[in-house]
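Some notes on the structure that comes next.
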Amino acid sequence: MNSKAYGILAEYETPADIMHAAEKVRDAGFRKWDVFTPFPIHGMDHAMGLKNSKVGWFGFCGGLCGYTTGMLLIWFTNAFDYPLIVGGKPMFSPYSAFPPSYELTILFTAFGSIGGMMFLNRLPRLHHPLLKHARFEAATHDKFFLVIETADVKYDAAATRKLLEATGSKHIEMVEE
Amino acid sequence: MSAETQIQAPQPPAELRREPLVTNNRNVGWISDQVAAIIEGKTPAWWWAAFIPSFLLMCLLGALLAYKTSVGVGVWGNNHPTMWGWDIINFVWWIGIGHAGTLISAILFLLRQRWRTAVNRASEAMTIFAVMCAGIYPALHTGREWLDWFLFPIPTSNALWPQFRSPLMWDVFAVSTYFTVSCLFWYVGLVPDLAIFRDRAKTKIRKFLYGLFALGWTGSNRHWSNYEKCYLILAGVSTPLVLSVHSIVSLDFAVSQLPGWHTTIFPPYFVAGAVFSGFGMVLTLLIPLRKMCKLEDIITMRHIDLMCKVTLATGSIVGYAYIMELFIAWYSGSPYERYAFLNRIHGPYAWGYWTMMGCNVILPQLFWFKKIRQNLLIVFIASILVNIGMWFERFVIIVISLHRDFLPSNWGYFLPSWVDIGTFLGTFGLFFTLFLLFMRFLPMIAVSEVKGITPQADPHHPLGGAKGGHH
């Protein structure tokens, strides 16, 4: 069968090793590469040169939407579509409409940030070349992996392997598509 | 042990030294193996011994709810003048228990209390199951539960909408949002751990199911970056959510004009009480489980100690609220308000009031002493008594305030019916059935979070592979 290589995979034993490796790969100017760890490593975003996550914006838009929905819903139902006098109070008041709108703000913020996180991570994605790779199973256990994709413009079979060897990886393999 | 665990980190002076969060210097792989042993091992006998009675009680719950639905709320003990009885007591009690789970998962996360990682998963599960038990009561106490959809703003042929000035309507939004967000928070936390079990799975069906719910998680750092931001936001919104839920539950009472209910102290007092009872339940669940599942190195004595301290703090806030209520009743000058509280202290239900005082105010004061916080048997018994006390708090608020109305001709003495008692026992069946299934099939410990707080996970620590001095 004609299988294509997805990328080159390097395995590390400790968080410090992979962090130093990530700094070197970042400085070499690669773009299509990633680090795979069993838990988030503090400082890795900086080592990889990642910017602040954009999930916050999705959460913010969700929250704004939720609050507006709550206020409009209560105004529409109790003051516009079927005006209802309760205790001689105004038809609509932002005070009594606040608690349900507050709850909807929270609900929609949660939807927004989870939806945003899934969208930015392109999840769910149940088929991934790495998930077929036997050695990669340890990525959720206690090993640390760095993968540079062959699709990266800077990728060169010999030079990239050399770079990864220089970072102190004990085990380097190709991953098939 | 491998050679790397032999290396010692530079230690602070003895008086500043803390017991590590994961004791015995366990490495990250050990944490996965130990938690996985609960799921992958043979079902222990004690699990069946706990599951079968729980399941039978759950069946009893189903039968009694069916009986109640077919006959009507008359099968419960509620009757004039006590129109809210065990239904609302149990609703408030169960939902209060849930609050400790959110406190641990959200508020302690924002406060960077790293010890939360050992207990957050189990307490979040406890939250979800407790809210399920709680939700049964308001849904069924309406009397004609097949019309419960009137509660939601759905266009109907009657052209009527819900009335949003009522705190009972706010409660619908608060509790349903709370349940939804708690489930989402729990599931988002589970995703990386489900990936661990997908990768360990030996059978096809396990691999498929864990893999399906792990959503294809690979542990990519680009993913972790978005994931951690999402988790932070969820913690950030769950914190005001949990505070608002029990505040709104308390407004169900406080907005009415009844002496004993119409007080401004209710929202903070209910929230503190909820966290207090929830920590009681967390301790009740985790003290036996840590032993049964051999998790003593993850849920350490330090964790128990810290949870006892939270119980002491919230118990003391509750005690303050009780005394302040008495003071305000006297200070208000209202004869009805004064009578309502005198009636609590030495009326026909005084035994309920003093049970509440003893379990909620006096008992937690034992936790000032380290010797007691270290004694698992005493802590376990105290944690159960805390929940009995908190049940009586709701009994005192609801039944004692209602049973003597403004006119003595409207006085009565409330007694629960056998259906009330059976339904309440049945909710325990539901709770424990769900909890036992959870701990058998899903990781009871947030594995990837616990790994993240070990020194082996810190790239600036010698055990994490750092060489030389500080960076």
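The chains in the structure tokens are called A, B, ... from first to last as shown; in each chain the residues are counted from 1, and the ligands are counted from 1 in the order shown.
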
For chain B, report every residue with an atom at most 8 Å from chain A (counting only C-alpha atoms), formatted as a PDB file with C-alpha atoms, in the first residue's frame.
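Dumped everything to out_4.pdb:
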ATOM      1  CA  VAL B  28       2.559  10.284  36.948  1.00  0.00           C
ATOM      2  CA  GLY B  29       2.156   6.789  35.488  1.00  0.00           C
ATOM      3  CA  SER B  32      -3.178   6.508  35.999  1.00  0.00           C
ATOM      4  CA  ALA B 159     -51.680  32.334  25.005  1.00  0.00           C
ATOM      5  CA  LEU B 160     -50.343  32.590  28.564  1.00  0.00           C
ATOM      6  CA  TRP B 161     -46.717  33.027  29.581  1.00  0.00           C
ATOM      7  CA  PRO B 162     -44.953  32.316  32.865  1.00  0.00           C
ATOM      8  CA  GLN B 163     -44.954  35.168  35.351  1.00  0.00           C
ATOM      9  CA  PHE B 164     -41.347  36.281  35.755  1.00  0.00           C
ATOM     10  CA  ARG B 165     -41.806  38.324  38.925  1.00  0.00           C
ATOM     11  CA  TRP B 170     -36.415  32.308  38.866  1.00  0.00           C
ATOM     12  CA  PHE B 173     -34.049  29.044  35.505  1.00  0.00           C
ATOM     13  CA  ALA B 174     -31.517  28.800  38.338  1.00  0.00           C
ATOM     14  CA  THR B 177     -28.973  26.257  34.457  1.00  0.00           C
ATOM     15  CA  THR B 180     -26.783  21.947  32.753  1.00  0.00           C
ATOM     16  CA  VAL B 181     -23.606  23.857  33.601  1.00  0.00           C
ATOM     17  CA  LEU B 184     -20.955  20.409  31.111  1.00  0.00           C
ATOM     18  CA  VAL B 188     -15.258  18.933  29.954  1.00  0.00           C
ATOM     19  CA  PRO B 192      -8.715  14.153  28.815  1.00  0.00           C
ATOM     20  CA  ALA B 195      -8.697   9.629  26.472  1.00  0.00           C
ATOM     21  CA  ILE B 196      -6.478   7.909  29.064  1.00  0.00           C
ATOM     22  CA  ASP B 199      -5.615   4.414  25.235  1.00  0.00           C
ATOM     23  CA  ARG B 200      -5.479   1.801  28.003  1.00  0.00           C
ATOM     24  CA  GLY B 211     -12.939   6.827  22.464  1.00  0.00           C
ATOM     25  CA  LEU B 212     -16.328   8.169  21.401  1.00  0.00           C
ATOM     26  CA  LEU B 215     -13.925  13.198  21.261  1.00  0.00           C
ATOM     27  CA  GLY B 216     -10.543  12.344  19.757  1.00  0.00           C
ATOM     28  CA  TRP B 217      -8.492  14.050  22.470  1.00  0.00           C
ATOM     29  CA  THR B 218      -4.755  13.699  21.808  1.00  0.00           C
ATOM     30  CA  GLY B 219      -3.202  15.833  24.538  1.00  0.00           C
ATOM     31  CA  SER B 220      -2.010  18.382  21.996  1.00  0.00           C
ATOM     32  CA  ASN B 221      -0.660  21.508  23.646  1.00  0.00           C
ATOM     33  CA  ARG B 222      -2.556  23.696  21.172  1.00  0.00           C
ATOM     34  CA  HIS B 223      -5.673  21.947  22.462  1.00  0.00           C
ATOM     35  CA  TRP B 224      -4.635  22.206  26.099  1.00  0.00           C
ATOM     36  CA  SER B 225      -4.203  25.949  25.642  1.00  0.00           C
ATOM     37  CA  ASN B 226      -7.830  26.435  24.515  1.00  0.00           C
ATOM     38  CA  TYR B 227      -9.030  23.794  26.943  1.00  0.00           C
ATOM     39  CA  LYS B 229      -9.005  28.831  28.968  1.00  0.00           C
ATOM     40  CA  CYS B 230     -12.408  27.174  28.571  1.00  0.00           C
ATOM     41  CA  ILE B 233     -14.192  30.492  32.092  1.00  0.00           C
ATOM     42  CA  LEU B 234     -16.424  27.661  33.246  1.00  0.00           C
ATOM     43  CA  VAL B 237     -19.132  31.478  35.607  1.00  0.00           C
ATOM     44  CA  SER B 238     -19.875  28.547  37.906  1.00  0.00           C
ATOM     45  CA  LEU B 241     -23.847  30.553  39.446  1.00  0.00           C
ATOM     46  CA  SER B 448      -4.675  14.476  34.330  1.00  0.00           C
ATOM     47  CA  GLU B 449      -5.255  17.273  36.850  1.00  0.00           C
ATOM     48  CA  LYS B 451      -0.676  14.543  37.397  1.00  0.00           C
ATOM     49  CA  GLY B 452      -0.341  18.258  36.686  1.00  0.00           C
ATOM     50  CA  GLN B 456       7.245  15.343  38.318  1.00  0.00           C
ATOM     51  CA  ALA B 457       5.028  17.540  36.107  1.00  0.00           C
ATOM     52  CA  ASP B 458       6.868  20.770  36.845  1.00  0.00           C
ATOM     53  CA  PRO B 459       9.552  21.502  34.234  1.00  0.00           C
ATOM     54  CA  HIS B 460      11.323  23.730  36.790  1.00  0.00           C
ATOM     55  CA  GLY B 464      10.377  17.176  36.295  1.00  0.00           C
ATOM     56  CA  GLY B 465      13.762  16.939  34.626  1.00  0.00           C
ATOM     57  CA  ALA B 466      15.113  20.447  35.370  1.00  0.00           C
TER      58      ALA B 466
END

Residue list (helix (DSSP H, G or I), DSSP) for segment 101-160 of chain A, as a VMD selection string: chain A and resid 101 to 121 129 to 132 134 to 140 157 to 160

Distance of atom CA of Ser256 of chain B from atom CA of Leu326 of chain B, expressed in Å to one decimal place: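 Going from atom CA of Leu326 of chain B over to atom CA of Ser256 of chain B, I get 18.8 Å.
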
Separation of atom CA of Tyr6 of chain A from atom CA of Asp156 of chain A, in Å and rounded to one decimal: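 A separation of 12.9 Å between them.
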
Polymer residues at most 12 Å from Tyr155 of chain A, only C-alpha atoms, same-chain spacing of 6 or more positions, as a PyMOL selection string: chain A and resi 5-8+25+28-33+147-149+161-164

Residues from the last selection, C-alpha atoms, saved as a CSV table (one decimal), in the first residue's frame:
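Generated file (part35.csv):
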chain,number,residue,atom,x,y,z
A,5,ALA,CA,4.1,10.1,6.1
A,6,TYR,CA,2.1,12.4,8.4
A,7,GLY,CA,5.0,13.6,10.4
A,8,ILE,CA,8.0,12.9,12.5
A,25,VAL,CA,11.6,23.9,17.3
A,28,ALA,CA,13.8,27.0,14.0
A,29,GLY,CA,10.6,28.6,12.6
A,30,PHE,CA,8.3,25.6,12.2
A,31,ARG,CA,4.6,26.2,12.0
A,32,LYS,CA,2.8,22.8,11.6
A,33,TRP,CA,4.0,21.1,14.7
A,147,VAL,CA,5.4,16.0,16.3
A,148,ILE,CA,6.5,18.0,13.2
A,149,GLU,CA,4.1,17.5,10.2
A,161,ARG,CA,15.4,14.4,12.2
A,162,LYS,CA,18.8,15.9,13.0
A,163,LEU,CA,17.2,18.8,14.8
A,164,LEU,CA,15.1,16.5,16.9

Which residue of B:Ser409, B:Thr433, B:Thr127, B:Thr23 approaches Ala100 of chain B most closely, using only C-alpha atoms: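 For Ala100 of chain B, the nearest of the given residues is B:Thr127.
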
Atom CA of Phe392 of chain B to atom CA of Ala272 of chain B, distance in Å rounded to a single decimal: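 Those two atoms sit 15.3 Å apart.
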
Residue among B:Gly189, B:Gly352, B:Pro462, B:Pro155 lying closest to Glu393 of chain B, counting only C-alpha atoms: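 Of the candidates, the smallest distance to Glu393 of chain B is held by B:Gly352.
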